[in-house]
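Student: Provided below: structure-v3.pdb, containing PDB, C-alpha atoms.
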```pdb
ATOM      1  CA  MET A1449      80.837 117.404 111.233
ATOM      2  CA  PRO A1450      79.310 116.773 114.639
ATOM      3  CA  GLU A1451      76.121 118.811 115.132
ATOM      4  CA  SER A1452      73.600 117.091 117.405
ATOM      5  CA  PRO A1453      74.510 115.864 120.921
ATOM      6  CA  LEU A1454      74.609 112.332 119.481
ATOM      7  CA  ASP A1455      77.011 113.481 116.760
ATOM      8  CA  GLN A1456      79.172 115.138 119.373
ATOM      9  CA  GLU A1457      79.113 112.033 121.501
ATOM     10  CA  LEU A1458      79.996 109.819 118.552
ATOM     11  CA  GLY A1459      82.720 112.247 117.520
ATOM     12  CA  GLN A1460      84.181 111.948 121.004
ATOM     13  CA  LEU A1461      83.714 108.186 121.115
ATOM     14  CA  LEU A1462      85.106 107.419 117.663
ATOM     15  CA  ALA A1463      88.015 109.890 117.640
ATOM     16  CA  TYR A1464      91.478 108.302 117.334
ATOM     17  CA  HIS A1465      92.509 108.203 120.989
ATOM     18  CA  HIS A1466      96.017 106.782 120.680
ATOM     19  CA  GLU A1467      98.655 107.375 118.049
ATOM     20  CA  PRO A1468     100.269 104.026 117.206
ATOM     21  CA  GLU A1469     104.046 103.728 117.689
ATOM     22  CA  SER A1470     105.595 104.609 114.331
ATOM     23  CA  SER A1471     109.296 103.679 114.254
ATOM     24  CA  ASP A1472     108.998  99.901 113.746
ATOM     25  CA  PHE A1473     106.144 100.301 111.328
ATOM     26  CA  VAL A1474     107.989 102.855 109.173
ATOM     27  CA  ALA A1475     111.125 100.669 109.222
ATOM     28  CA  ASN A1476     109.095  97.663 108.041
ATOM     29  CA  VAL A1477     107.475  99.642 105.235
ATOM     30  CA  MET A1478     110.849 100.989 104.055
ATOM     31  CA  HIS A1479     112.293  97.478 104.190
ATOM     32  CA  ASP A1480     109.452  96.267 101.928
ATOM     33  CA  VAL A1481     110.005  99.188  99.574
ATOM     34  CA  GLN A1482     113.718  98.404  99.279
ATOM     35  CA  ARG A1483     112.965  94.730  98.654
ATOM     36  CA  GLU A1484     110.506  95.769  95.947
ATOM     37  CA  ARG A1485     113.134  97.957  94.249
ATOM     38  CA  LEU A1486     115.689  95.163  94.428
ATOM     39  CA  LEU A1487     113.214  92.719  92.905
ATOM     40  CA  ARG A1488     112.412  95.108  90.063
ATOM     41  CA  ARG A1489     116.129  95.589  89.406
ATOM     42  CA  VAL A1490     116.750  91.835  89.385
ATOM     43  CA  ILE A1491     113.854  91.281  86.964
ATOM     44  CA  LEU A1492     115.126  94.073  84.714
ATOM     45  CA  TRP A1493     118.645  92.657  84.692
ATOM     46  CA  ALA A1494     117.433  89.084  84.144
ATOM     47  CA  PHE A1495     115.282  90.017  81.167
ATOM     48  CA  GLY A1496     118.013  92.330  79.884
ATOM     49  CA  LEU A1497     120.516  89.458  79.976
ATOM     50  CA  VAL A1498     118.070  87.102  78.248
ATOM     51  CA  GLY A1499     117.546  89.752  75.573
ATOM     52  CA  ALA A1500     121.292  90.283  75.183
ATOM     53  CA  ALA A1501     121.885  86.534  74.914
ATOM     54  CA  PHE A1502     119.267  86.212  72.187
ATOM     55  CA  GLY A1503     120.731  89.282  70.468
ATOM     56  CA  LEU A1504     124.207  87.792  70.547
ATOM     57  CA  PHE A1505     122.889  84.489  69.267
ATOM     58  CA  GLY A1506     121.118  86.263  66.412
ATOM     59  CA  ALA A1507     124.204  88.323  65.637
ATOM     60  CA  VAL A1508     126.328  85.195  65.401
ATOM     61  CA  MET A1509     123.747  83.584  63.109
ATOM     62  CA  LEU A1510     123.682  86.660  60.908
ATOM     63  CA  SER A1511     127.347  87.528  61.133
ATOM     64  CA  ASP A1512     127.891  87.122  57.427
ATOM     65  CA  SER A1513     125.016  89.429  56.569
ATOM     66  CA  ILE A1514     126.178  91.929  59.218
ATOM     67  CA  THR A1515     129.686  91.956  57.786
ATOM     68  CA  ARG A1516     128.178  92.605  54.399
ATOM     69  CA  LEU A1517     125.985  95.389  55.844
ATOM     70  CA  PHE A1518     128.973  97.096  57.482
ATOM     71  CA  SER A1519     131.111  96.853  54.418
ATOM     72  CA  PHE A1520     128.149  98.335  52.539
ATOM     73  CA  SER A1521     127.835 101.169  55.134
ATOM     74  CA  PHE A1522     131.480 102.005  54.991
ATOM     75  CA  SER A1523     131.274 102.212  51.263
ATOM     76  CA  LEU A1524     128.377 104.696  51.470
ATOM     77  CA  PRO A1525     128.935 108.301  50.481
ATOM     78  CA  PRO A1526     129.216 110.804  53.429
ATOM     79  CA  MET A1527     125.567 111.988  53.189
ATOM     80  CA  GLU A1528     124.124 108.469  53.470
ATOM     81  CA  THR A1529     126.608 107.585  56.244
ATOM     82  CA  MET A1530     125.390 110.605  58.202
ATOM     83  CA  GLN A1531     121.764 109.549  57.669
ATOM     84  CA  VAL A1532     122.526 106.030  58.938
ATOM     85  CA  ALA A1533     124.285 107.525  61.994
ATOM     86  CA  LEU A1534     121.291 109.806  62.675
ATOM     87  CA  ALA A1535     118.913 106.834  62.383
ATOM     88  CA  VAL A1536     121.003 104.901  64.930
ATOM     89  CA  VAL A1537     121.032 107.881  67.336
ATOM     90  CA  ALA A1538     117.261 108.322  66.928
ATOM     91  CA  ALA A1539     116.699 104.626  67.666
ATOM     92  CA  ALA A1540     118.890 104.894  70.793
ATOM     93  CA  ALA A1541     116.986 107.998  71.923
ATOM     94  CA  LEU A1542     113.663 106.202  71.421
ATOM     95  CA  TYR A1543     114.920 103.231  73.425
ATOM     96  CA  THR A1544     116.121 105.509  76.253
ATOM     97  CA  TRP A1545     112.793 107.357  76.342
ATOM     98  CA  PHE A1546     110.828 104.107  76.291
ATOM     99  CA  MET A1547     112.906 102.486  79.046
ATOM    100  CA  ASN A1548     113.299 105.682  81.057
ATOM    101  CA  ASP A1549     111.372 104.381  84.066
ATOM    102  CA  ASP A1550     113.490 101.270  84.352
ATOM    103  CA  LEU A1551     116.791 103.014  83.646
ATOM    104  CA  SER A1552     116.134 105.437  86.511
ATOM    105  CA  LEU A1553     116.193 102.474  88.894
ATOM    106  CA  SER A1554     119.921 102.178  88.496
ATOM    107  CA  SER A1555     120.499 105.720  89.790
TER
ATOM    108  CA  MET B 563     107.204 121.814 106.299
ATOM    109  CA  VAL B 564     107.488 120.254 102.857
ATOM    110  CA  SER B 565     104.053 119.626 101.334
ATOM    111  CA  ASP B 566     102.782 116.197 100.339
ATOM    112  CA  SER B 567     102.779 117.115  96.646
ATOM    113  CA  GLU B 568     106.438 118.189  96.791
ATOM    114  CA  LEU B 569     107.363 114.901  98.452
ATOM    115  CA  VAL B 570     105.351 112.974  95.852
ATOM    116  CA  VAL B 571     107.215 114.782  93.051
ATOM    117  CA  ARG B 572     110.529 113.867  94.688
ATOM    118  CA  VAL B 573     109.538 110.202  94.963
ATOM    119  CA  THR B 574     108.156 109.872  91.439
ATOM    120  CA  GLY B 575     110.808 112.086  89.836
ATOM    121  CA  SER B 576     113.984 110.789  91.402
ATOM    122  CA  ASN B 577     112.964 107.753  93.446
ATOM    123  CA  ASP B 578     113.760 109.646  96.644
ATOM    124  CA  GLN B 579     113.466 107.098  99.469
ATOM    125  CA  VAL B 580     113.799 109.723 102.200
ATOM    126  CA  ALA B 581     110.838 111.621 100.764
ATOM    127  CA  PHE B 582     108.741 108.447 100.737
ATOM    128  CA  GLN B 583     109.758 107.704 104.314
ATOM    129  CA  GLN B 584     108.569 111.189 105.305
ATOM    130  CA  LEU B 585     105.208 110.488 103.663
ATOM    131  CA  VAL B 586     104.890 107.205 105.565
ATOM    132  CA  GLU B 587     105.808 108.871 108.866
ATOM    133  CA  ARG B 588     103.308 111.644 108.218
ATOM    134  CA  HIS B 589     100.307 109.454 107.353
ATOM    135  CA  GLN B 590     100.873 106.133 109.085
ATOM    136  CA  ALA B 591      98.859 107.013 112.191
ATOM    137  CA  ALA B 592      95.730 107.932 110.202
ATOM    138  CA  ILE B 593      95.902 104.875 107.958
ATOM    139  CA  ARG B 594      96.636 102.447 110.788
ATOM    140  CA  GLY B 595      93.897 104.006 112.901
ATOM    141  CA  PHE B 596      91.414 103.673 110.024
ATOM    142  CA  LEU B 597      92.332 100.026 109.399
ATOM    143  CA  ARG B 598      92.235  99.181 113.098
ATOM    144  CA  ARG B 599      88.678 100.450 113.193
ATOM    145  CA  LEU B 600      87.763  98.536 110.040
ATOM    146  CA  ALA B 601      89.274  95.389 111.509
ATOM    147  CA  ALA B 602      87.333  96.064 114.717
ATOM    148  CA  GLY B 603      90.437  95.916 116.885
ATOM    149  CA  ASP B 604      92.437  93.199 115.113
ATOM    150  CA  THR B 605      95.625  95.273 115.261
ATOM    151  CA  GLY B 606      97.906  92.634 113.705
ATOM    152  CA  THR B 607      95.795  92.343 110.561
ATOM    153  CA  ALA B 608      95.271  96.115 110.484
ATOM    154  CA  ASP B 609      99.015  96.818 110.620
ATOM    155  CA  ASP B 610      99.757  94.207 107.932
ATOM    156  CA  LEU B 611      97.153  95.825 105.702
ATOM    157  CA  ALA B 612      98.579  99.271 106.463
ATOM    158  CA  GLN B 613     102.026  98.027 105.394
ATOM    159  CA  ASP B 614     100.518  96.652 102.152
ATOM    160  CA  THR B 615      98.741  99.975 101.663
ATOM    161  CA  PHE B 616     101.985 101.955 101.743
ATOM    162  CA  LEU B 617     103.754  99.449  99.497
ATOM    163  CA  MET B 618     100.899  99.717  97.004
ATOM    164  CA  ALA B 619     101.074 103.519  97.297
ATOM    165  CA  TYR B 620     104.794 103.368  96.476
ATOM    166  CA  ARG B 621     104.080 101.271  93.364
ATOM    167  CA  LYS B 622     101.218 103.467  92.192
ATOM    168  CA  LEU B 623     102.411 106.891  93.309
ATOM    169  CA  HIS B 624     102.928 107.992  89.695
ATOM    170  CA  THR B 625      99.151 107.620  89.153
ATOM    171  CA  PHE B 626      98.310 109.966  92.044
ATOM    172  CA  LYS B 627      96.804 113.240  90.816
ATOM    173  CA  SER B 628      98.267 116.140  92.753
ATOM    174  CA  SER B 629      94.906 117.975  92.589
ATOM    175  CA  GLY B 630      93.477 115.569  95.204
ATOM    176  CA  SER B 631      94.442 114.911  98.794
ATOM    177  CA  LEU B 632      97.133 112.298  99.345
ATOM    178  CA  LEU B 633      95.535 111.239 102.617
ATOM    179  CA  SER B 634      92.186 110.527 100.887
ATOM    180  CA  TRP B 635      94.044 108.577  98.209
ATOM    181  CA  LEU B 636      95.816 106.515 100.878
ATOM    182  CA  HIS B 637      92.478 105.881 102.613
ATOM    183  CA  THR B 638      91.089 104.638  99.277
ATOM    184  CA  ILE B 639      93.947 102.159  98.892
ATOM    185  CA  ALA B 640      93.591 101.087 102.531
ATOM    186  CA  TYR B 641      89.856 100.486 102.140
ATOM    187  CA  ARG B 642      90.431  98.410  98.975
ATOM    188  CA  GLN B 643      93.152  96.402 100.690
ATOM    189  CA  PHE B 644      90.743  95.708 103.521
ATOM    190  CA  LEU B 645      87.920  94.620 101.172
ATOM    191  CA  GLN B 646      90.350  92.375  99.290
ATOM    192  CA  HIS B 647      91.473  90.891 102.586
ATOM    193  CA  ILE B 648      87.960  90.057 103.775
ATOM    194  CA  ARG B 649      87.093  88.587 100.372
ATOM    195  CA  LYS B 650      90.215  86.404 100.482
ATOM    196  CA  HIS B 651      89.548  85.263 104.012
ATOM    197  CA  ALA B 652      85.787  85.036 103.722
ATOM    198  CA  ARG B 653      85.771  81.451 104.953
ATOM    199  CA  GLN B 654      88.076  82.096 107.857
ATOM    200  CA  GLN B 655      87.154  83.993 110.963
ATOM    201  CA  VAL B 656      89.536  86.908 110.513
ATOM    202  CA  MET B 657      87.317  89.662 111.801
ATOM    203  CA  ALA B 658      86.769  90.241 115.447
ATOM    204  CA  GLU B 659      83.490  88.616 116.352
ATOM    205  CA  PRO B 660      80.685  91.084 116.973
ATOM    206  CA  PRO B 661      80.354  91.504 120.709
ATOM    207  CA  GLU B 662      77.412  89.829 122.383
ATOM    208  CA  GLN B 663      74.495  92.139 122.954
ATOM    209  CA  SER B 664      74.751  91.681 126.710
ATOM    210  CA  HIS B 665      78.464  92.465 126.755
ATOM    211  CA  ASP B 666      79.381  96.003 127.740
ATOM    212  CA  PRO B 667      82.776  96.847 126.279
ATOM    213  CA  ARG B 668      83.038  99.967 128.429
ATOM    214  CA  GLN B 669      83.515  98.014 131.578
ATOM    215  CA  SER B 670      87.050  96.906 130.990
ATOM    216  CA  MET B 671      88.592  98.940 128.197
ATOM    217  CA  ASP B 672      90.181 102.237 127.447
ATOM    218  CA  SER B 673      88.607 104.595 124.917
ATOM    219  CA  GLU B 674      90.562 103.348 121.893
ATOM    220  CA  ILE B 675      89.822  99.685 122.455
ATOM    221  CA  LEU B 676      86.217 100.538 123.226
ATOM    222  CA  ALA B 677      85.861 102.422 119.926
ATOM    223  CA  GLU B 678      87.456  99.520 118.017
ATOM    224  CA  ARG B 679      85.202  96.944 119.656
ATOM    225  CA  LEU B 680      82.092  99.054 119.107
ATOM    226  CA  MET B 681      82.803  98.778 115.401
ATOM    227  CA  GLY B 682      81.817  95.121 115.766
ATOM    228  CA  PHE B 683      78.201  96.269 116.176
ATOM    229  CA  VAL B 684      77.995  97.767 112.685
ATOM    230  CA  SER B 685      78.537  96.389 109.174
ATOM    231  CA  THR B 686      81.815  96.817 107.255
ATOM    232  CA  GLU B 687      80.376  99.597 105.079
ATOM    233  CA  GLU B 688      78.916 101.434 108.067
ATOM    234  CA  ARG B 689      82.223 101.028 109.881
ATOM    235  CA  ALA B 690      84.131 102.616 106.994
ATOM    236  CA  CYS B 691      81.693 105.508 106.620
ATOM    237  CA  LEU B 692      81.446 106.207 110.364
ATOM    238  CA  THR B 693      85.224 106.090 110.832
ATOM    239  CA  LEU B 694      85.895 108.365 107.885
ATOM    240  CA  ALA B 695      83.233 110.819 109.075
ATOM    241  CA  TYR B 696      83.869 110.876 112.814
ATOM    242  CA  SER B 697      87.503 109.818 113.177
ATOM    243  CA  ALA B 698      89.127 111.100 109.986
ATOM    244  CA  GLY B 699      86.787 114.125 109.788
ATOM    245  CA  MET B 700      86.009 113.708 106.091
ATOM    246  CA  SER B 701      83.031 115.251 104.340
ATOM    247  CA  HIS B 702      80.375 113.028 102.768
ATOM    248  CA  PRO B 703      81.602 113.616  99.188
ATOM    249  CA  GLU B 704      85.160 112.733 100.301
ATOM    250  CA  ILE B 705      83.853 109.531 101.903
ATOM    251  CA  GLY B 706      82.109 108.753  98.624
ATOM    252  CA  GLN B 707      85.415 109.148  96.780
ATOM    253  CA  VAL B 708      87.264 106.886  99.206
ATOM    254  CA  THR B 709      84.674 104.119  99.370
ATOM    255  CA  GLY B 710      83.250 104.424  95.876
ATOM    256  CA  PHE B 711      79.693 104.703  97.274
ATOM    257  CA  PRO B 712      77.229 107.246  95.856
ATOM    258  CA  LEU B 713      76.560 110.203  98.165
ATOM    259  CA  GLY B 714      73.101 108.910  99.157
ATOM    260  CA  THR B 715      74.543 105.523 100.115
ATOM    261  CA  VAL B 716      77.226 107.186 102.243
ATOM    262  CA  LYS B 717      74.552 109.145 104.099
ATOM    263  CA  SER B 718      72.379 106.095 104.665
ATOM    264  CA  HIS B 719      75.331 104.004 105.922
ATOM    265  CA  ILE B 720      76.228 106.770 108.369
ATOM    266  CA  GLN B 721      72.610 107.104 109.464
ATOM    267  CA  ARG B 722      72.156 103.367 109.993
ATOM    268  CA  GLY B 723      75.486 103.049 111.806
ATOM    269  CA  LYS B 724      74.606 105.979 114.047
ATOM    270  CA  GLN B 725      71.238 104.433 114.861
ATOM    271  CA  LYS B 726      72.874 101.135 115.848
ATOM    272  CA  LEU B 727      75.430 102.837 118.072
ATOM    273  CA  GLN B 728      72.764 105.129 119.531
ATOM    274  CA  ARG B 729      70.639 102.084 120.348
ATOM    275  CA  TRP B 730      73.629 100.525 122.050
ATOM    276  CA  LEU B 731      74.318 103.694 124.033
ATOM    277  CA  LYS B 732      70.682 103.883 125.116
ATOM    278  CA  ASP B 733      70.476 100.182 125.997
ATOM    279  CA  HIS B 734      73.487 100.540 128.241
ATOM    280  CA  ASP B 735      72.301 103.853 129.636
ATOM    281  CA  HIS B 736      75.717 105.411 129.171
ATOM    282  CA  SER B 737      77.096 108.569 127.816
ATOM    283  CA  ILE B 738      80.770 108.921 127.102
ATOM    284  CA  SER B 739      81.235 111.709 129.599
ATOM    285  CA  LYS B 740      79.577 109.626 132.318
ATOM    286  CA  ASP B 741      81.726 106.702 131.391
ATOM    287  CA  LYS B 742      84.921 108.711 131.560
ATOM    288  CA  GLU B 743      83.994 110.068 134.959
ATOM    289  CA  ALA B 744      83.199 106.576 136.195
ATOM    290  CA  HIS B 745      86.505 105.346 134.816
ATOM    291  CA  ARG B 746      88.414 108.121 136.574
ATOM    292  CA  ALA B 747      86.606 107.409 139.878
TER
END
```
Would you put the structure from the file into structure tokens?
Tutor:
Amino acid sequence: MPESPLDQELGQLLAYHHEPESSDFVANVMHDVQRERLLRRVILWAFGLVGAAFGLFGAVMLSDSITRLFSFSFSLPPMETMQVALAVVAAAALYTWFMNDDLSLSS
Amino acid sequence: MVSDSELVVRVTGSNDQVAFQQLVERHQAAIRGFLRRLAAGDTGTADDLAQDTFLMAYRKLHTFKSSGSLLSWLHTIAYRQFLQHIRKHARQQVMAEPPEQSHDPRQSMDSEILAERLMGFVSTEERACLTLAYSAGMSHPEIGQVTGFPLGTVKSHIQRGKQKLQRWLKDHDHSISKDKEAHRA
């Protein structure tokens, strides 16, 4: 907003006179961005694997109870079976919504 | 030309790398120029900070509100990166030393280097406000948004910075036009 002669002079003096060369800079930034994405993916996979390992371990520990649960489910009448199935689908949908940001990384 | 907001939507919506690259290409000159002035000509540090600025922008792009200007938002990140840098390196001499009063930077430099070195005569806050006002062409309220200073503080930083530079110009009995003519001759 130069107005006075001093403002005009400063405007002239402080204007950006040269445009810095962009190609190397942009390449470096994009390299950093890709490294960042890779790191996020590795962290996601690492924690996912840890979670899966603990899940598997828990499942093995509870295998008897799980077998009993499944045999109980299969013996449920159709209405209750449908409710259980809906609950599982709802839980999966909630998980997908919650993890949406991280899942999109794999695309 | 695709607008900034459209590119931002593409980056945040589908992680579009090409869209982000376009944003970097579009705004890198302004951000690097701003940081070079803040660093008073230390181009290596300025470019490193500019790189960090764009990486931070990539991480935080989902928090950008499309009602504002992307360039102002990038300037805000750049200014914070710079402040963080000088805090971290407070004990080291990372900034260009302020030129000696007797030294006339006009004698041996082109306009860009001269402008960067002149920034050594003013404080960090004055440097930021002067650069945003005179180089980036921002209004005082916009400068306030970028720097986080109240409007009155922005005005007083600009005023004080102007006075210092004016004093320097008077002391050296130069005007830019004269200087350019002398340089050409």
Student: Between atom CA of B:Leu600 and atom CA of B:Arg689, what distance in Å does the model show, to one decimal?
Tutor: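 One can read the atom CA of B:Leu600 to atom CA of B:Arg689 distance as 6.1 Å.
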Student: Expand the ChimeraX specification (/A :<6) & /B into the explicit residue set it covers here, and present it as number ranges by chain.
Tutor: B: 591, 613, 674, 677, 696-697
Student: Dump C-alpha atoms for the selected residues as a tab-separated table (two decimals), keeping the file's coordinate frame?
Tutor:
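Heads up, here's the output in again_21.tsv:
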```tsv
chain	number	residue	atom	x	y	z
B	591	ALA	CA	98.86	107.01	112.19
B	613	GLN	CA	102.03	98.03	105.39
B	674	GLU	CA	90.56	103.35	121.89
B	677	ALA	CA	85.86	102.42	119.93
B	696	TYR	CA	83.87	110.88	112.81
B	697	SER	CA	87.50	109.82	113.18
```
Student: Which residues match the PyMOL selection byres ((chain B and resi 719) around 12) in the file above, as number ranges by chain?
Tutor: B: 684-695, 702, 705-706, 709, 711-718, 720-726
Student: Would you mind reading off the distance between atom CA of B:Ala581 and atom CA of A:Trp1493, one decimal, in Å?
Tutor: 26.1 Å
Student: Separation of atom CA of B:Arg621 and atom CA of B:Ala608, in Å?
Tutor: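 Atom-to-atom, atom CA of B:Arg621 to atom CA of B:Ala608, that is 19.9 Å.
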Student: For the file shown, report as a ChimeraX atom specification the outcome of the PyMOL selection byres ((chain B and resi 643) around 12) at residue level.
Tutor: /B:593,596-597,600-601,607-619,636-642,644-650,709
Student: Under the rule that only C-alpha atoms are counted, which of B:Leu623, B:Thr605, B:Asp733, B:Glu587 is the nearest residue to B:Thr574?
Tutor: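 When distances to B:Thr574 are compared using only C-alpha atoms, the smallest one comes from B:Leu623.
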Student: Which residue out of B:Asp604, B:Glu678, B:Asp566, B:Asp672 has the minimum interatomic distance to B:Phe582 when all atoms listed in the file are used?
Tutor: B:Asp566
